[in-house]
Amino acid sequence: MTEHLIPTADLHRWVVDIFLAAGSDEREAKLTADHLVGANLAGHDSHGVGMVPRYVSSWLADELQLNQHVDVEQDSGTMLTINGRRGMGQAVTHEAMDLAIARARQHGVCVMGLKNSHHLGRVGHWAEQAVAQGMVSVHFVNAVSFPVVAPHGGTQARIVTNPFTVGIPVPGREPILLDFATSALAMGKVRVAHNKQVKVPDNSLLDRHGQPTTDPGVIFPPAGTPRGALLPFAGHKGYALAMVCELLGAALTGGETTRPANTTMKHAIWNNMLAVVFDPQRMGTADMFGDEVNAFVDWVQSAPLREGFDDIMLPGEPEQRSRRARAERIPIDSGTLTQMDEAAAAVQQARGTSPGPLSVLEIR
Ligand code: NAD
């Protein structure tokens with residue numbers, strides 16, 4: 001698969017401009033670009049600028065609503081229930097997290113439920129927003145989209161890739177950031193394998209008959225053929241964590257769970273999220289926390305390396321490395337680049353203005 005290098009700053013400008021052209025205000029367009037380009041910088045292309053065409057389709061179908069602000073529906077001081085009003089996930093989630101962080105600063109902790117957000121992207125971004133303010137942040141997320149993951153023991157998809165995320169600020173070193181889908185592979189990674197026509201690892205997929213397979217094509221069958229399913233990571237453990245994400249992230253927040261009655265959208269991905277944000281300073285352990293983390297990390301990283309491994313990384317470290325590698329330019333695959341050019345053309349047609357094709361910005 002051919003990759004095209006786009007200067008990072010130009011890519012960011014292009015994403016700002018396409019949402020300004022669609023009608024977002026400056027703040028929303030910038031938050032969206034910060035998030036999507038940030039996901040590419042972090043190495044998670046599945047949640048990066050390649051989502052722009054999907055967002056444009058969702059907006060054109062009148063599903064994604066631009067320039068929304070959140071409604072706080074319940075407020076008991078340390079607990080907030082917030083409605084994202086089908087708004088741009090990157091903007092309404094930023095607003096909801098700001099409210100939760102302010103409450104955590106005031107009271108020590110805030111449990112915040114956000115429902116009805118449009119796709120809120122890379123969940124690690126939201127943990128990073130809290131971590132930047134010195135807060136620990138734990139996130140349980142559902143996605144109201146077509147089921148793609150089989151429950152443990154099942155042969156057909158019933159659940160989604162429900163991400164689980166924890167961000168921990170550590171004095172004197174980079175934060176710890178756990179942020180992953182509860183499926184064995186994220187959906188975007190199966191798509192990449194399919195585009196590259198390579199197999200996926202064992203224990204990742206079932207075919208449409210419920211049989212294990214390494215062929216990613218089972219998730220993208222010809223029209224009219226039933227799809228296979230992704231498997232949860234680590235068998236029953238990933239499935240159990242996905243259930244908790246769905247029930248806390250959606251059922252408890254007042255959002256919709258992922259079942260046929262709720263998956264009526266054409267292009268939107270709706271996300272619901274429960275976030276627990278708290279101020280670690282209030283634990284009264286600040287004096288020893290950093291030292292204890294450093295000592296424990298030293299111990300963990302003293303393990304002899306297995307064959308094929310160069311080092312033992314910490315959660316969050318692959319993203320830090322990717323940011324350094326991609327600071328100046330970001331690779332975009334051909335298929336995604338074409339879709340982005342098409343998205344610009346669609347905005348041009350709908351609104352009479354657009355930033356033009358992204359492909360002209362490629363470094364040649
Ligand atoms: P992944 O499998 O790449 O795992 C990423 C996590 O594992 C990070 O915390 C990373 O720091 C850590 N990690 C990776 N390699 C490591 C190593 N060698 N040592 C230590 N830690 C390591 O992630 P994924 O499951 O592909 O998910 C990708 C992204 O997709 C996430 O950002 C997630 O939030 C997002 N997502 C979003 C939705 C949604 O509906 N919005 C749904 C699913 C996933």
# chains A, B, ... in the order shown; residues from 1 in each chain; ligands from 1
$ residues_near_ligand --ligand "ligand 1" --cutoff "9 Å" --atoms "only C-alpha atoms and all ligand atoms" --output "NGL selection string"
:A and (39 or 42-47 or 119-125 or 141-145 or 160-167 or 176-189 or 269-272 or 309 or 311-320)
$ write_last_selection --atoms "C-alpha atoms" --output "short mmCIF file (atom, residue, chain, number, x, y, z; two decimals), in the first residue's frame"
data_model
loop_
_atom_site.label_atom_id
_atom_site.label_comp_id
_atom_site.auth_asym_id
_atom_site.auth_seq_id
_atom_site.Cartn_x
_atom_site.Cartn_y
_atom_site.Cartn_z
CA ALA A 39 -4.24 10.58 16.86
CA ALA A 42 0.26 9.19 18.43
CA GLY A 43 0.45 6.46 15.77
CA HIS A 44 -3.27 5.59 15.84
CA ASP A 45 -4.17 6.23 12.21
CA SER A 46 -7.41 4.29 12.69
CA HIS A 47 -8.65 7.30 14.73
CA HIS A 119 -17.49 9.89 17.52
CA LEU A 120 -15.13 11.02 20.26
CA GLY A 121 -12.11 9.43 18.62
CA ARG A 122 -8.98 8.35 20.43
CA VAL A 123 -10.03 8.08 24.06
CA GLY A 124 -6.44 8.58 25.23
CA HIS A 125 -6.78 12.20 24.10
CA VAL A 141 -16.70 3.89 26.46
CA ASN A 142 -19.30 2.39 24.15
CA ALA A 143 -19.85 3.12 20.47
CA VAL A 144 -23.32 2.94 18.96
CA SER A 145 -22.31 1.44 15.67
CA VAL A 160 -18.27 -3.32 19.65
CA THR A 161 -14.62 -2.58 20.27
CA ASN A 162 -15.48 -0.73 23.54
CA PRO A 163 -12.31 1.15 24.52
CA PHE A 164 -11.01 1.30 28.09
CA THR A 165 -8.56 4.02 29.05
CA VAL A 166 -6.59 5.14 32.12
CA GLY A 167 -4.28 8.16 32.31
CA ILE A 176 1.27 6.37 32.07
CA LEU A 177 -1.44 5.97 29.44
CA LEU A 178 -3.40 2.76 28.96
CA ASP A 179 -5.76 3.20 26.01
CA PHE A 180 -7.04 0.29 23.97
CA ALA A 181 -10.00 -1.35 22.32
CA THR A 182 -11.26 -4.46 24.11
CA SER A 183 -11.22 -6.43 20.85
CA ALA A 184 -8.13 -8.45 19.92
CA LEU A 185 -7.56 -5.95 17.10
CA ALA A 186 -8.99 -2.47 16.62
CA MET A 187 -11.34 -2.31 13.62
CA GLY A 188 -9.04 0.14 11.81
CA LYS A 189 -6.18 -2.33 12.06
CA ILE A 269 -20.83 6.72 15.21
CA TRP A 270 -22.33 7.80 18.52
CA ASN A 271 -20.15 7.45 21.59
CA ASN A 272 -21.10 7.43 25.26
CA PHE A 309 12.27 -7.39 21.72
CA ASP A 311 13.19 -2.99 25.23
CA ILE A 312 10.32 -3.07 27.71
CA MET A 313 8.08 -0.05 27.20
CA LEU A 314 5.56 1.55 29.50
CA PRO A 315 1.94 2.17 28.54
CA GLY A 316 1.96 5.47 26.66
CA GLU A 317 5.52 5.07 25.42
CA PRO A 318 4.72 3.87 21.87
CA GLU A 319 2.60 7.01 21.41
CA GLN A 320 5.42 9.25 22.70
#
$ select_by_dssp --residues "region 222-298 of chain A" --states "helix (DSSP H, G or I)" --output "ChimeraX atom specification"
/A:236-251,260-262,280-283,286-298
$ atom_distance --atom1 "CA of Ala251 (chain A)" --atom2 "CA of Asp71 (chain A)"
18.2 Å
$ closest_atom_pairs --of "region 21-107 of chain A" --to "region 330-335 of chain A" --cutoff "9 Å" --atoms "only C-alpha atoms" --output "Markdown table"
| residue | atom | partner | partner_atom | distance |
| --- | --- | --- | --- | --- |
| A:Val37 | CA | A:Ile330 | CA | 8.7 |
| A:Asn40 | CA | A:Ile330 | CA | 7.0 |
| A:Leu41 | CA | A:Ile330 | CA | 7.2 |
| A:Asp45 | CA | A:Ile332 | CA | 8.3 |
| A:Val49 | CA | A:Ile332 | CA | 8.8 |
| A:Gly50 | CA | A:Ile332 | CA | 8.1 |
$ write_last_selection --atoms "all heavy atoms" --output "mmCIF file, in the first residue's frame"
data_model
loop_
_atom_site.group_PDB
_atom_site.id
_atom_site.type_symbol
_atom_site.label_atom_id
_atom_site.label_comp_id
_atom_site.auth_asym_id
_atom_site.auth_seq_id
_atom_site.Cartn_x
_atom_site.Cartn_y
_atom_site.Cartn_z
ATOM 1 N N VAL A 37 -5.444 14.993 14.106
ATOM 2 C CA VAL A 37 -4.013 14.987 13.774
ATOM 3 C C VAL A 37 -3.234 14.412 14.965
ATOM 4 O O VAL A 37 -2.252 13.683 14.788
ATOM 5 C CB VAL A 37 -3.529 16.404 13.384
ATOM 6 C CG1 VAL A 37 -2.018 16.419 13.156
ATOM 7 C CG2 VAL A 37 -4.258 16.879 12.130
ATOM 8 N N ASN A 40 -3.086 10.699 14.706
ATOM 9 C CA ASN A 40 -2.046 10.277 13.750
ATOM 10 C C ASN A 40 -0.661 10.439 14.368
ATOM 11 O O ASN A 40 0.199 9.571 14.230
ATOM 12 C CB ASN A 40 -2.102 11.104 12.460
ATOM 13 C CG ASN A 40 -3.326 10.812 11.621
ATOM 14 O OD1 ASN A 40 -4.273 11.593 11.608
ATOM 15 N ND2 ASN A 40 -3.327 9.679 10.935
ATOM 16 N N LEU A 41 -0.458 11.556 15.056
ATOM 17 C CA LEU A 41 0.850 11.777 15.690
ATOM 18 C C LEU A 41 1.138 10.655 16.693
ATOM 19 O O LEU A 41 2.264 10.173 16.791
ATOM 20 C CB LEU A 41 0.875 13.135 16.393
ATOM 21 C CG LEU A 41 1.094 14.347 15.484
ATOM 22 C CD1 LEU A 41 0.798 15.641 16.236
ATOM 23 C CD2 LEU A 41 2.520 14.370 14.947
ATOM 24 N N ASP A 45 -3.563 5.720 13.440
ATOM 25 C CA ASP A 45 -4.169 6.226 12.206
ATOM 26 C C ASP A 45 -5.640 5.834 12.092
ATOM 27 O O ASP A 45 -6.419 6.522 11.438
ATOM 28 C CB ASP A 45 -3.395 5.690 10.991
ATOM 29 C CG ASP A 45 -1.975 6.248 10.941
ATOM 30 O OD1 ASP A 45 -1.724 7.296 11.567
ATOM 31 O OD2 ASP A 45 -1.122 5.627 10.283
ATOM 32 N N VAL A 49 -6.979 11.486 10.926
ATOM 33 C CA VAL A 49 -7.662 12.304 9.912
ATOM 34 C C VAL A 49 -8.458 11.454 8.924
ATOM 35 O O VAL A 49 -9.339 11.983 8.239
ATOM 36 C CB VAL A 49 -6.652 13.184 9.157
ATOM 37 C CG1 VAL A 49 -5.970 14.165 10.098
ATOM 38 C CG2 VAL A 49 -5.599 12.324 8.439
ATOM 39 N N GLY A 50 -8.161 10.178 8.884
ATOM 40 C CA GLY A 50 -8.934 9.288 8.019
ATOM 41 C C GLY A 50 -10.395 9.199 8.424
ATOM 42 O O GLY A 50 -11.218 8.668 7.670
#
$ closest_residue --among "A:Ser58, A:Gln211, A:Gln339, A:Thr258" --to "Gly154 (chain A)" --atoms "only C-alpha atoms"
A:Gln211
$ select_by_dssp --residues "region 4-167 of chain A" --states "strand (DSSP E or B)" --output "number ranges by chain"
A: 4-7, 65, 71-75, 79-87, 109-118, 136-144, 149, 159, 163-167
$ atom_distance --atom1 "CA of Pro232 (chain A)" --atom2 "CA of Ser322 (chain A)"
25.7 Å
